[in-house]
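Next up, upload_31.csv (CSV, C-alpha atoms):
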chain,number,residue,atom,x,y,z
A,1,MET,CA,83.1,84.4,119.1
A,2,ALA,CA,86.8,84.3,119.7
A,3,ALA,CA,88.9,86.5,121.8
A,4,ARG,CA,92.6,87.3,121.3
A,5,THR,CA,95.2,89.4,123.0
A,6,LEU,CA,98.1,91.4,121.6
A,7,ASP,CA,101.0,93.3,123.3
A,8,ILE,CA,102.2,96.3,121.3
A,9,SER,CA,103.7,98.1,124.3
A,10,GLY,CA,107.2,97.6,123.0
A,11,LEU,CA,106.5,98.9,119.5
A,12,THR,CA,106.5,102.2,117.8
A,13,CYS,CA,104.4,103.7,115.0
A,14,PRO,CA,103.5,102.4,112.4
A,15,MET,CA,104.2,98.9,113.7
A,16,THR,CA,101.7,99.4,116.5
A,17,TRP,CA,98.9,99.6,114.0
A,18,VAL,CA,100.4,97.2,111.6
A,19,LYS,CA,100.4,94.4,114.2
A,20,THR,CA,96.9,95.3,115.4
A,21,LYS,CA,95.4,95.6,111.9
A,22,LEU,CA,96.9,92.2,110.8
A,23,GLU,CA,95.6,90.5,114.0
A,24,LEU,CA,92.2,91.9,113.3
A,25,GLU,CA,92.3,90.5,109.8
A,26,HIS,CA,92.5,87.0,111.4
A,27,LEU,CA,89.3,87.6,113.4
A,28,ALA,CA,85.6,87.3,112.4
A,29,PRO,CA,83.1,90.1,112.9
A,30,GLY,CA,82.2,90.4,116.5
A,31,ASP,CA,85.4,88.8,117.8
A,32,VAL,CA,87.3,90.7,120.4
A,33,LEU,CA,91.0,91.8,120.4
A,34,THR,CA,92.4,93.1,123.6
A,35,VAL,CA,95.5,95.1,123.0
A,36,ALA,CA,98.1,96.0,125.7
A,37,CYS,CA,99.5,99.4,124.7
A,38,ALA,CA,102.1,101.8,126.2
A,39,PRO,CA,101.0,105.2,127.2
A,40,GLY,CA,101.7,107.9,124.6
A,41,GLU,CA,101.2,108.2,120.9
A,42,ALA,CA,100.1,104.7,120.2
A,43,LEU,CA,97.4,104.9,122.8
A,44,GLU,CA,95.9,107.8,120.8
A,45,ASN,CA,96.6,106.5,117.3
A,46,VAL,CA,95.7,102.8,117.5
A,47,PRO,CA,92.1,103.4,118.8
A,48,ARG,CA,91.6,106.1,116.2
A,49,SER,CA,92.8,103.9,113.4
A,50,ALA,CA,90.6,101.0,114.6
A,51,ARG,CA,87.6,103.3,114.7
A,52,GLU,CA,88.3,104.6,111.2
A,53,ALA,CA,88.6,101.0,110.0
A,54,GLY,CA,85.0,100.4,111.3
A,55,HIS,CA,85.7,98.5,114.6
A,56,ASP,CA,84.1,99.2,118.0
A,57,VAL,CA,86.8,100.5,120.4
A,58,ALA,CA,86.9,101.0,124.2
A,59,VAL,CA,90.0,102.2,126.0
A,60,ASP,CA,90.6,101.4,129.7
A,61,GLY,CA,93.9,102.8,131.0
A,62,THR,CA,96.5,101.3,128.6
A,63,THR,CA,94.2,98.5,127.5
A,64,ILE,CA,92.4,98.8,124.1
A,65,ARG,CA,89.5,96.5,123.6
A,66,ILE,CA,88.5,96.2,119.9
A,67,VAL,CA,85.4,94.4,118.7
A,68,ARG,CA,85.9,93.6,115.0
A,69,GLY,CA,83.4,95.2,112.7
A,70,GLU,CA,81.9,93.8,109.5
B,1,MET,CA,97.8,50.5,120.0
B,2,SER,CA,98.4,52.8,117.1
B,3,ASP,CA,94.7,53.7,117.0
B,4,ARG,CA,95.0,54.8,120.7
B,5,ARG,CA,98.1,56.8,120.0
B,6,SER,CA,96.6,58.6,117.1
B,7,PHE,CA,93.5,59.3,119.2
B,8,LEU,CA,95.6,60.7,122.0
B,9,ARG,CA,97.6,62.8,119.5
B,10,GLY,CA,94.3,64.2,118.1
B,11,LEU,CA,93.1,64.9,121.6
B,12,ALA,CA,96.3,66.7,122.4
B,13,ARG,CA,96.0,68.8,119.3
B,14,GLU,CA,92.4,69.7,120.2
B,15,VAL,CA,93.4,70.8,123.7
B,16,ALA,CA,96.4,72.7,122.4
B,17,GLY,CA,94.3,74.3,119.8
B,18,ALA,CA,91.8,75.5,122.4
B,19,THR,CA,94.5,77.3,124.4
B,20,ALA,CA,97.2,78.0,121.9
B,21,PRO,CA,98.0,81.6,121.2
B,22,PRO,CA,96.8,82.9,117.8
B,23,PRO,CA,98.9,81.9,114.9
B,24,ARG,CA,101.6,84.5,114.1
B,25,PRO,CA,101.2,86.4,110.9
B,26,ALA,CA,103.0,84.5,108.2
B,27,LEU,CA,105.2,87.5,107.4
B,28,SER,CA,108.4,88.0,109.3
B,29,ASP,CA,109.0,91.0,111.5
B,30,GLY,CA,111.4,92.3,108.8
B,31,GLU,CA,108.7,92.0,106.2
B,32,LEU,CA,106.1,93.6,108.4
B,33,GLU,CA,108.3,96.6,108.9
B,34,ARG,CA,109.5,96.8,105.2
B,35,TYR,CA,105.9,96.7,103.9
B,36,SER,CA,104.2,98.5,106.9
B,37,ARG,CA,103.2,101.5,104.9
B,38,GLN,CA,101.2,99.5,102.5
B,39,LEU,CA,100.0,97.0,105.1
B,40,ILE,CA,98.3,99.8,107.1
B,41,MET,CA,96.2,100.8,104.1
B,42,PRO,CA,92.6,99.7,104.4
B,43,GLU,CA,92.7,98.3,100.9
B,44,TRP,CA,95.8,96.2,101.6
B,45,SER,CA,96.1,93.2,103.9
B,46,GLU,CA,98.4,90.4,104.9
B,47,ARG,CA,96.6,88.3,102.3
B,48,ALA,CA,97.4,90.8,99.6
B,49,GLN,CA,101.1,90.9,100.8
B,50,ARG,CA,101.4,87.1,100.7
B,51,ARG,CA,99.9,87.0,97.2
B,52,LEU,CA,102.6,89.4,96.1
B,53,ARG,CA,105.3,87.3,97.8
B,54,ARG,CA,104.0,84.1,96.1
B,55,ALA,CA,104.0,85.8,92.6
B,56,SER,CA,106.5,85.5,89.8
B,57,VAL,CA,106.5,88.5,87.5
B,58,LEU,CA,108.4,88.9,84.3
B,59,VAL,CA,109.4,92.5,83.4
B,60,VAL,CA,110.2,92.7,79.7
B,61,GLY,CA,112.6,95.7,79.2
B,62,ALA,CA,114.7,97.4,81.8
B,63,GLY,CA,114.6,100.9,80.4
B,64,ALA,CA,112.3,103.9,80.8
B,65,LEU,CA,109.2,101.9,81.8
B,66,GLY,CA,111.0,98.9,83.2
B,67,SER,CA,112.9,101.1,85.8
B,68,PRO,CA,109.8,102.3,87.7
B,69,VAL,CA,108.0,99.0,87.2
B,70,ALA,CA,110.8,96.8,88.5
B,71,LEU,CA,111.7,99.2,91.4
B,72,GLN,CA,108.0,99.5,92.5
B,73,LEU,CA,107.4,95.8,92.3
B,74,ALA,CA,110.6,94.8,94.0
B,75,GLY,CA,109.9,97.4,96.7
B,76,ALA,CA,106.4,96.2,97.2
B,77,GLY,CA,107.5,92.6,97.7
B,78,VAL,CA,106.8,90.6,94.6
B,79,GLY,CA,108.6,87.3,95.4
B,80,ARG,CA,110.3,86.7,92.1
B,81,LEU,CA,111.1,89.2,89.4
B,82,GLY,CA,112.5,88.2,86.0
B,83,ILE,CA,114.2,91.1,84.1
B,84,VAL,CA,114.5,90.6,80.3
B,85,ASP,CA,116.7,93.0,78.4
B,86,GLY,CA,119.4,92.4,75.7
B,87,ASP,CA,120.8,95.9,75.6
B,88,ASP,CA,123.7,97.5,77.4
B,89,VAL,CA,123.3,100.8,79.4
B,90,GLU,CA,124.0,103.9,77.3
B,91,LEU,CA,124.7,107.4,78.4
B,92,SER,CA,121.6,108.6,76.6
B,93,ASN,CA,119.4,106.2,78.7
B,94,LEU,CA,120.2,107.8,82.0
B,95,HIS,CA,117.9,110.8,82.0
B,96,ARG,CA,114.8,108.4,82.1
B,97,GLN,CA,116.1,105.0,83.1
B,98,PHE,CA,116.7,105.5,86.8
B,99,LEU,CA,117.6,101.8,87.5
B,100,HIS,CA,121.0,102.6,85.8
B,101,PHE,CA,123.7,105.0,86.9
B,102,THR,CA,126.6,106.6,85.0
B,103,PRO,CA,129.2,103.9,86.1
B,104,ASP,CA,126.8,101.3,84.5
B,105,VAL,CA,127.3,102.6,81.0
B,106,GLY,CA,128.4,99.6,78.9
B,107,VAL,CA,127.0,97.1,81.4
B,108,PRO,CA,124.1,94.8,80.3
B,109,LYS,CA,120.9,96.4,81.5
B,110,ALA,CA,119.5,93.1,82.9
B,111,HIS,CA,122.4,92.8,85.2
B,112,SER,CA,122.6,96.5,86.1
B,113,ALA,CA,118.9,96.3,87.0
B,114,ALA,CA,119.2,93.1,89.0
B,115,ALA,CA,122.0,94.5,91.1
B,116,LYS,CA,120.0,97.6,92.1
B,117,LEU,CA,116.8,95.5,92.8
B,118,GLY,CA,118.8,93.2,95.0
B,119,PHE,CA,120.0,96.2,97.0
B,120,LEU,CA,116.5,97.5,97.2
B,121,ASN,CA,114.9,94.3,98.5
B,122,PRO,CA,117.1,91.3,99.4
B,123,GLU,CA,114.0,89.4,100.5
B,124,ILE,CA,113.0,88.7,96.9
B,125,VAL,CA,114.6,86.7,94.0
B,126,VAL,CA,115.7,88.7,90.9
B,127,GLU,CA,116.6,86.8,87.8
B,128,PRO,CA,118.3,88.7,84.9
B,129,TYR,CA,117.8,87.5,81.3
B,130,GLN,CA,120.3,89.2,79.0
B,131,VAL,CA,118.3,88.5,75.8
B,132,ARG,CA,116.0,90.4,73.5
B,133,LEU,CA,112.5,89.0,73.6
B,134,ASP,CA,111.2,88.0,70.2
B,135,ALA,CA,108.4,85.8,68.8
B,136,GLY,CA,110.8,82.8,69.0
B,137,ASN,CA,111.8,82.9,72.6
B,138,ALA,CA,108.8,84.7,74.1
B,139,ALA,CA,107.0,81.5,75.2
B,140,GLY,CA,110.0,80.1,77.0
B,141,LEU,CA,110.7,83.4,78.8
B,142,ILE,CA,107.1,83.8,79.9
B,143,GLU,CA,106.7,80.2,81.1
B,144,GLY,CA,106.2,79.9,84.8
B,145,SER,CA,105.3,83.6,85.2
B,146,ASP,CA,102.1,84.6,87.0
B,147,LEU,CA,102.1,88.0,85.3
B,148,VAL,CA,104.1,89.8,82.6
B,149,VAL,CA,104.7,93.6,82.4
B,150,ASP,CA,105.7,94.7,79.0
B,151,CYS,CA,108.0,97.7,79.2
B,152,THR,CA,109.4,97.5,75.6
B,153,ASP,CA,109.4,100.3,73.1
B,154,SER,CA,108.6,98.6,69.8
B,155,PHE,CA,105.2,97.4,68.4
B,156,GLN,CA,106.9,94.3,67.1
B,157,THR,CA,108.0,93.2,70.6
B,158,ARG,CA,104.7,94.3,72.1
B,159,TYR,CA,102.7,92.0,69.7
B,160,ALA,CA,105.1,89.2,70.4
B,161,VAL,CA,104.6,89.5,74.2
B,162,ASN,CA,100.8,89.8,73.7
B,163,ALA,CA,100.7,86.7,71.5
B,164,ALA,CA,102.8,84.7,73.9
B,165,CYS,CA,100.7,85.8,76.9
B,166,CYS,CA,97.5,85.0,75.1
B,167,ALA,CA,98.8,81.5,74.2
B,168,ALA,CA,100.0,80.8,77.7
B,169,ARG,CA,97.0,82.6,79.4
B,170,VAL,CA,99.3,84.7,81.5
B,171,PRO,CA,97.9,88.1,82.5
B,172,LEU,CA,99.7,91.0,81.0
B,173,VAL,CA,100.2,94.7,81.7
B,174,GLU,CA,100.9,96.7,78.5
B,175,GLY,CA,102.4,100.2,78.5
B,176,GLY,CA,103.9,102.7,76.2
B,177,VAL,CA,105.3,106.2,76.5
B,178,LEU,CA,106.3,108.9,74.1
B,179,GLY,CA,107.1,112.5,74.6
B,180,LEU,CA,104.6,113.7,77.3
B,181,GLY,CA,102.0,111.0,76.7
B,182,GLY,CA,101.4,107.3,77.2
B,183,LEU,CA,99.1,104.4,77.5
B,184,VAL,CA,98.4,101.6,80.0
B,185,MET,CA,96.3,98.5,79.5
B,186,SER,CA,95.8,95.3,81.5
B,187,ILE,CA,94.8,92.0,79.9
B,188,ARG,CA,93.4,88.7,81.2
B,189,PRO,CA,94.0,86.6,78.1
B,190,ARG,CA,90.8,85.1,76.6
B,191,GLU,CA,88.7,86.8,79.2
B,192,THR,CA,89.3,90.5,78.4
B,193,ALA,CA,90.4,92.4,75.3
B,194,CYS,CA,94.0,91.8,74.5
B,195,TYR,CA,96.5,94.4,73.1
B,196,ARG,CA,95.9,93.3,69.5
B,197,CYS,CA,92.1,93.5,70.1
B,198,ALA,CA,92.6,97.2,71.0
B,199,PHE,CA,95.3,97.9,68.4
B,200,PRO,CA,95.0,95.3,65.6
B,201,GLU,CA,98.0,96.8,63.6
B,202,ALA,CA,101.0,99.0,64.4
B,203,PRO,CA,100.7,102.4,63.0
B,204,PRO,CA,102.8,102.5,59.8
B,205,ASP,CA,104.7,105.6,60.8
B,206,ALA,CA,105.1,104.8,64.5
B,207,PRO,CA,107.9,106.8,66.0
B,208,SER,CA,110.1,105.4,68.7
B,209,CYS,CA,111.9,107.0,71.6
B,210,ALA,CA,115.0,107.0,69.5
B,211,THR,CA,113.3,109.4,67.0
B,212,ALA,CA,110.7,111.2,69.0
B,213,GLY,CA,112.1,111.6,72.5
B,214,VAL,CA,110.5,111.3,75.9
B,215,LEU,CA,110.7,113.0,79.2
B,216,GLY,CA,111.8,110.9,82.2
B,217,PRO,CA,108.9,111.9,84.4
B,218,ALA,CA,106.4,110.9,81.7
B,219,ALA,CA,108.0,107.4,81.6
B,220,GLY,CA,108.0,107.4,85.4
B,221,VAL,CA,104.2,108.1,85.6
B,222,VAL,CA,103.3,105.5,82.9
B,223,GLY,CA,105.6,102.9,84.4
B,224,SER,CA,104.2,103.5,87.9
B,225,LEU,CA,100.7,103.1,86.5
B,226,GLN,CA,101.8,99.7,85.1
B,227,ALA,CA,103.3,98.7,88.5
B,228,LEU,CA,100.0,99.7,90.1
B,229,GLU,CA,98.1,97.6,87.6
B,230,ALA,CA,100.4,94.6,88.3
B,231,MET,CA,99.8,95.0,92.1
B,232,LYS,CA,96.0,95.2,91.5
B,233,LEU,CA,96.0,92.1,89.3
B,234,LEU,CA,98.2,90.1,91.7
B,235,SER,CA,96.5,91.1,94.9
B,236,GLY,CA,92.9,91.3,93.7
B,237,ILE,CA,92.4,94.7,95.2
B,238,GLU,CA,90.5,97.4,93.4
B,239,GLU,CA,89.7,97.5,89.7
B,240,PRO,CA,92.4,97.0,87.1
B,241,LEU,CA,92.2,98.5,83.6
B,242,LEU,CA,90.5,95.5,82.0
B,243,ASP,CA,88.6,95.8,78.7
B,244,ALA,CA,90.0,99.3,78.6
B,245,PHE,CA,93.1,101.3,78.2
B,246,LEU,CA,94.1,104.5,80.0
B,247,GLN,CA,95.4,107.3,77.7
B,248,VAL,CA,97.6,109.7,79.7
B,249,ASP,CA,98.4,113.2,78.4
B,250,LEU,CA,100.9,114.7,80.8
B,251,ALA,CA,101.0,118.0,78.9
B,252,THR,CA,97.4,118.8,80.0
B,253,TYR,CA,97.1,116.1,82.7
B,254,ALA,CA,94.1,114.6,80.9
B,255,PHE,CA,93.6,110.9,81.8
B,256,LEU,CA,91.1,109.2,79.5
B,257,ARG,CA,89.8,105.7,80.0
B,258,VAL,CA,88.8,104.2,76.7
B,259,GLY,CA,86.7,101.0,76.7
B,260,VAL,CA,87.7,98.2,74.3
B,261,SER,CA,86.1,94.8,73.5
B,262,ARG,CA,87.4,91.5,72.5
B,263,ARG,CA,87.5,90.8,68.7
B,264,ASP,CA,86.1,87.5,67.4
B,265,ASP,CA,88.7,87.6,64.7
B,266,CYS,CA,91.7,88.5,66.9
B,267,PRO,CA,94.6,86.3,65.7
B,268,ASP,CA,96.2,86.4,69.2
B,269,CYS,CA,93.3,85.7,71.6
B,270,SER,CA,90.4,84.3,69.7
B,271,GLY,CA,91.7,80.8,69.3
B,272,ALA,CA,90.4,79.6,72.6

Please go through the file and, once you have read it, give me the structure as structure tokens.
Amino acid sequence: MAARTLDISGLTCPMTWVKTKLELEHLAPGDVLTVACAPGEALENVPRSAREAGHDVAVDGTTIRIVRGE
Amino acid sequence: MSDRRSFLRGLAREVAGATAPPPRPALSDGELERYSRQLIMPEWSERAQRRLRRASVLVVGAGALGSPVALQLAGAGVGRLGIVDGDDVELSNLHRQFLHFTPDVGVPKAHSAAAKLGFLNPEIVVEPYQVRLDAGNAAGLIEGSDLVVDCTDSFQTRYAVNAACCAARVPLVEGGVLGLGGLVMSIRPRETACYRCAFPEAPPDAPSCATAGVLGPAAGVVGSLQALEAMKLLSGIEEPLLDAFLQVDLATYAFLRVGVSRRDDCPDCSGA
């Protein structure tokens, strides 16, 4: 299992999810991506998009922890 | 000594690899933004985008079908687009050939098209070929292409493109439009039915756009379907129209998928 980090706090929609999605494409199922996010729209949209894409998501403050699904 | 150096270099690489940040996506920030709305699709991916960027596509005809095909493929990020057309822009083209504008009347279509496509996407390479494709030059024009999209309006040219693609084993997207109807078909030569397998002979009384007319939106729909087929074939996503053609009736909005099979006696594709 690998773990990666990504900072999208300086980005706006849709680049917040573009960067996150492409990073997840490089991971294997079960790998963890920790995303540093700014408060606001992205903190709502990125977790939702990740869940819709089939990943496990937990949000702690402005940190989004995504476990890549199958 | 050199053994020791290479061992140390290898060790350094291993250590660096263990702590290095993940490799950056191989697309530039500009490309990520330009293609962001397709990259966020679940069906699309960085891999699909890179396949498009690597691809060389020949668009035969820069008219009613070639306009949507070339614009869509340039916008989507196909790395190299060849545009083949021997005609000049005419006033009567403009209602349906939206690559060309009124000031372009009299300009070769291949060059008018290339100029617009360059404005649309300067990240890609566009090569205009001001020549009419025929049986004699088809092989040379197609050589080096990963895919051909046939946007011509005559059966003679269509059969020439089909034969050349079959001989060179280059995948082909066929299309045709007339009035309010059209047809789209994808071909993997010598694997799936080719255009001549589906239509062995041209109808003896086949009308052309010059005699039968066509509405711009009909050409836009059929050309967009061809572009979609090209993107499916190049990226590997979803199911292209192989061993089938799609018959589109835009008067009633009936879309009919008709299955076709390879013919053992096909003069274009059975010689494998």

Can you build me a table of chain A residues sitting at most 10 Å from chain B, with the closest atom pair per residue and its distance in Å to one decimal, using only C-alpha atoms, sorted by chain and residue number, as JSON lines?
{"residue": "A:Ala3", "atom": "CA", "partner": "B:Pro22", "partner_atom": "CA", "distance": 9.6}
{"residue": "A:Arg4", "atom": "CA", "partner": "B:Pro22", "partner_atom": "CA", "distance": 7.0}
{"residue": "A:Thr5", "atom": "CA", "partner": "B:Pro22", "partner_atom": "CA", "distance": 8.5}
{"residue": "A:Leu6", "atom": "CA", "partner": "B:Pro22", "partner_atom": "CA", "distance": 9.4}
{"residue": "A:Cys13", "atom": "CA", "partner": "B:Ser36", "partner_atom": "CA", "distance": 9.6}
{"residue": "A:Pro14", "atom": "CA", "partner": "B:Ser36", "partner_atom": "CA", "distance": 6.8}
{"residue": "A:Met15", "atom": "CA", "partner": "B:Glu33", "partner_atom": "CA", "distance": 6.7}
{"residue": "A:Thr16", "atom": "CA", "partner": "B:Ser36", "partner_atom": "CA", "distance": 10.0}
{"residue": "A:Trp17", "atom": "CA", "partner": "B:Ile40", "partner_atom": "CA", "distance": 6.9}
{"residue": "A:Val18", "atom": "CA", "partner": "B:Ile40", "partner_atom": "CA", "distance": 5.6}
{"residue": "A:Lys19", "atom": "CA", "partner": "B:Leu32", "partner_atom": "CA", "distance": 8.2}
{"residue": "A:Thr20", "atom": "CA", "partner": "B:Ile40", "partner_atom": "CA", "distance": 9.5}
{"residue": "A:Lys21", "atom": "CA", "partner": "B:Ile40", "partner_atom": "CA", "distance": 7.0}
{"residue": "A:Leu22", "atom": "CA", "partner": "B:Glu46", "partner_atom": "CA", "distance": 6.3}
{"residue": "A:Glu23", "atom": "CA", "partner": "B:Pro25", "partner_atom": "CA", "distance": 7.6}
{"residue": "A:Glu25", "atom": "CA", "partner": "B:Ser45", "partner_atom": "CA", "distance": 7.5}
{"residue": "A:His26", "atom": "CA", "partner": "B:Pro22", "partner_atom": "CA", "distance": 8.7}
{"residue": "A:Leu27", "atom": "CA", "partner": "B:Pro22", "partner_atom": "CA", "distance": 9.9}
{"residue": "A:Ser49", "atom": "CA", "partner": "B:Ile40", "partner_atom": "CA", "distance": 9.3}
{"residue": "A:Glu52", "atom": "CA", "partner": "B:Pro42", "partner_atom": "CA", "distance": 9.4}
{"residue": "A:Ala53", "atom": "CA", "partner": "B:Pro42", "partner_atom": "CA", "distance": 7.0}

Contacts of Arg68 (chain A) within 9 Å, all atoms listed in the file, excl. fewer than 6 positions in-chain, as a ChimeraX atom specification:
/A:24-25,27-33,50,54-57

Residue nearest Gly40 (chain A) - candidates A:Asp7, A:Gly69, A:Thr62, A:Ala2, atoms counted: all atoms listed in the file
A:Thr62

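The coordinates place CA of Glu70 (chain A) at 12.2 Å from CA of Arg51 (chain A).
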
Which residues are near Asp265 (chain B)? Cut-off 12 Å, only C-alpha atoms, ignore same chain within fewer than 6 positions. Put them as a list in words.
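Counting only the stated atoms, we get Ala193, Cys194, Arg196, Cys197, Pro200, Gly271 and Ala272 of chain B.
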
Can you tell me, as number ranges by chain, what residues are no more than 6 Å from region 53-61 of chain B when counting all atoms listed in the file, ignoring any on the same chain fewer than 3 positions away?
B: 50, 66, 77-85, 145-152

Could you list, as a PyMOL selection string, every residue within 7 Å of Ala139 (chain B), counting only C-alpha atoms and ignoring same-chain residues fewer than 3 positions away?
chain B and resi 142-143+164

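Separating CA of Ala212 (chain B) from CA of Gly181 (chain B) is a distance of 11.6 Å.
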
Between CA of Gly175 (chain B) and CA of Pro122 (chain B), what is the distance in Å, rounded to a tenth?
27.1 Å

Would you pick out the contacts of Arg188 (chain B) at 12 Å or less, using all atoms listed in the file, so that residues sharing its chain but fewer than 4 positions from it are not included, and give the list as a PyMOL selection string?
chain B and resi 146-148+162+165-174+192-195+229-230+233-234+240-244+262+269

Store the residues picked out above in a file with C-alpha atoms, as a CSV table (one decimal), in the frame of the given file.
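Result saved to again-v3.csv:
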chain,number,residue,atom,x,y,z
B,146,ASP,CA,102.1,84.6,87.0
B,147,LEU,CA,102.1,88.0,85.3
B,148,VAL,CA,104.1,89.8,82.6
B,162,ASN,CA,100.8,89.8,73.7
B,165,CYS,CA,100.7,85.8,76.9
B,166,CYS,CA,97.5,85.0,75.1
B,167,ALA,CA,98.8,81.5,74.2
B,168,ALA,CA,100.0,80.8,77.7
B,169,ARG,CA,97.0,82.6,79.4
B,170,VAL,CA,99.3,84.7,81.5
B,171,PRO,CA,97.9,88.1,82.5
B,172,LEU,CA,99.7,91.0,81.0
B,173,VAL,CA,100.2,94.7,81.7
B,174,GLU,CA,100.9,96.7,78.5
B,192,THR,CA,89.3,90.5,78.4
B,193,ALA,CA,90.4,92.4,75.3
B,194,CYS,CA,94.0,91.8,74.5
B,195,TYR,CA,96.5,94.4,73.1
B,229,GLU,CA,98.1,97.6,87.6
B,230,ALA,CA,100.4,94.6,88.3
B,233,LEU,CA,96.0,92.1,89.3
B,234,LEU,CA,98.2,90.1,91.7
B,240,PRO,CA,92.4,97.0,87.1
B,241,LEU,CA,92.2,98.5,83.6
B,242,LEU,CA,90.5,95.5,82.0
B,243,ASP,CA,88.6,95.8,78.7
B,244,ALA,CA,90.0,99.3,78.6
B,262,ARG,CA,87.4,91.5,72.5
B,269,CYS,CA,93.3,85.7,71.6

Missing atoms of region 66-79 of chain B rebuilt to N, CA and C atoms, written as a PDB file, in the frame of the given file:
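File part-v2.pdb, as written:
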ATOM      1  N   GLY B  66     110.574 100.033  82.377  1.00  0.00           N
ATOM      2  CA  GLY B  66     111.000  98.900  83.200  1.00  0.00           C
ATOM      3  C   GLY B  66     111.625  99.402  84.538  1.00  0.00           C
ATOM      4  N   SER B  67     112.252 100.591  84.523  1.00  0.00           N
ATOM      5  CA  SER B  67     112.900 101.100  85.800  1.00  0.00           C
ATOM      6  C   SER B  67     111.820 101.305  86.858  1.00  0.00           C
ATOM      7  N   PRO B  68     110.796 102.137  86.616  1.00  0.00           N
ATOM      8  CA  PRO B  68     109.800 102.300  87.700  1.00  0.00           C
ATOM      9  C   PRO B  68     109.035 100.995  87.959  1.00  0.00           C
ATOM     10  N   VAL B  69     108.742 100.215  86.934  1.00  0.00           N
ATOM     11  CA  VAL B  69     108.000  99.000  87.200  1.00  0.00           C
ATOM     12  C   VAL B  69     108.763  98.039  88.074  1.00  0.00           C
ATOM     13  N   ALA B  70     110.019  97.773  87.721  1.00  0.00           N
ATOM     14  CA  ALA B  70     110.800  96.800  88.500  1.00  0.00           C
ATOM     15  C   ALA B  70     111.076  97.318  89.909  1.00  0.00           C
ATOM     16  N   LEU B  71     111.400  98.611  90.030  1.00  0.00           N
ATOM     17  CA  LEU B  71     111.700  99.200  91.400  1.00  0.00           C
ATOM     18  C   LEU B  71     110.422  99.111  92.245  1.00  0.00           C
ATOM     19  N   GLN B  72     109.285  99.490  91.673  1.00  0.00           N
ATOM     20  CA  GLN B  72     108.000  99.500  92.500  1.00  0.00           C
ATOM     21  C   GLN B  72     107.674  98.067  92.888  1.00  0.00           C
ATOM     22  N   LEU B  73     107.786  97.127  91.964  1.00  0.00           N
ATOM     23  CA  LEU B  73     107.400  95.800  92.300  1.00  0.00           C
ATOM     24  C   LEU B  73     108.349  95.090  93.247  1.00  0.00           C
ATOM     25  N   ALA B  74     109.630  95.385  93.088  1.00  0.00           N
ATOM     26  CA  ALA B  74     110.600  94.800  94.000  1.00  0.00           C
ATOM     27  C   ALA B  74     110.376  95.440  95.419  1.00  0.00           C
ATOM     28  N   GLY B  75     110.173  96.739  95.470  1.00  0.00           N
ATOM     29  CA  GLY B  75     109.900  97.400  96.700  1.00  0.00           C
ATOM     30  C   GLY B  75     108.676  96.891  97.426  1.00  0.00           C
ATOM     31  N   ALA B  76     107.656  96.628  96.619  1.00  0.00           N
ATOM     32  CA  ALA B  76     106.400  96.200  97.200  1.00  0.00           C
ATOM     33  C   ALA B  76     106.384  94.770  97.660  1.00  0.00           C
ATOM     34  N   GLY B  77     107.364  93.973  97.194  1.00  0.00           N
ATOM     35  CA  GLY B  77     107.500  92.600  97.700  1.00  0.00           C
ATOM     36  C   GLY B  77     107.070  91.494  96.801  1.00  0.00           C
ATOM     37  N   VAL B  78     107.084  91.728  95.490  1.00  0.00           N
ATOM     38  CA  VAL B  78     106.800  90.600  94.600  1.00  0.00           C
ATOM     39  C   VAL B  78     107.963  89.603  94.726  1.00  0.00           C
ATOM     40  N   GLY B  79     107.595  88.345  94.958  1.00  0.00           N
ATOM     41  CA  GLY B  79     108.600  87.300  95.400  1.00  0.00           C
ATOM     42  C   GLY B  79     109.662  87.025  94.381  1.00  0.00           C
TER      43      GLY B  79
END
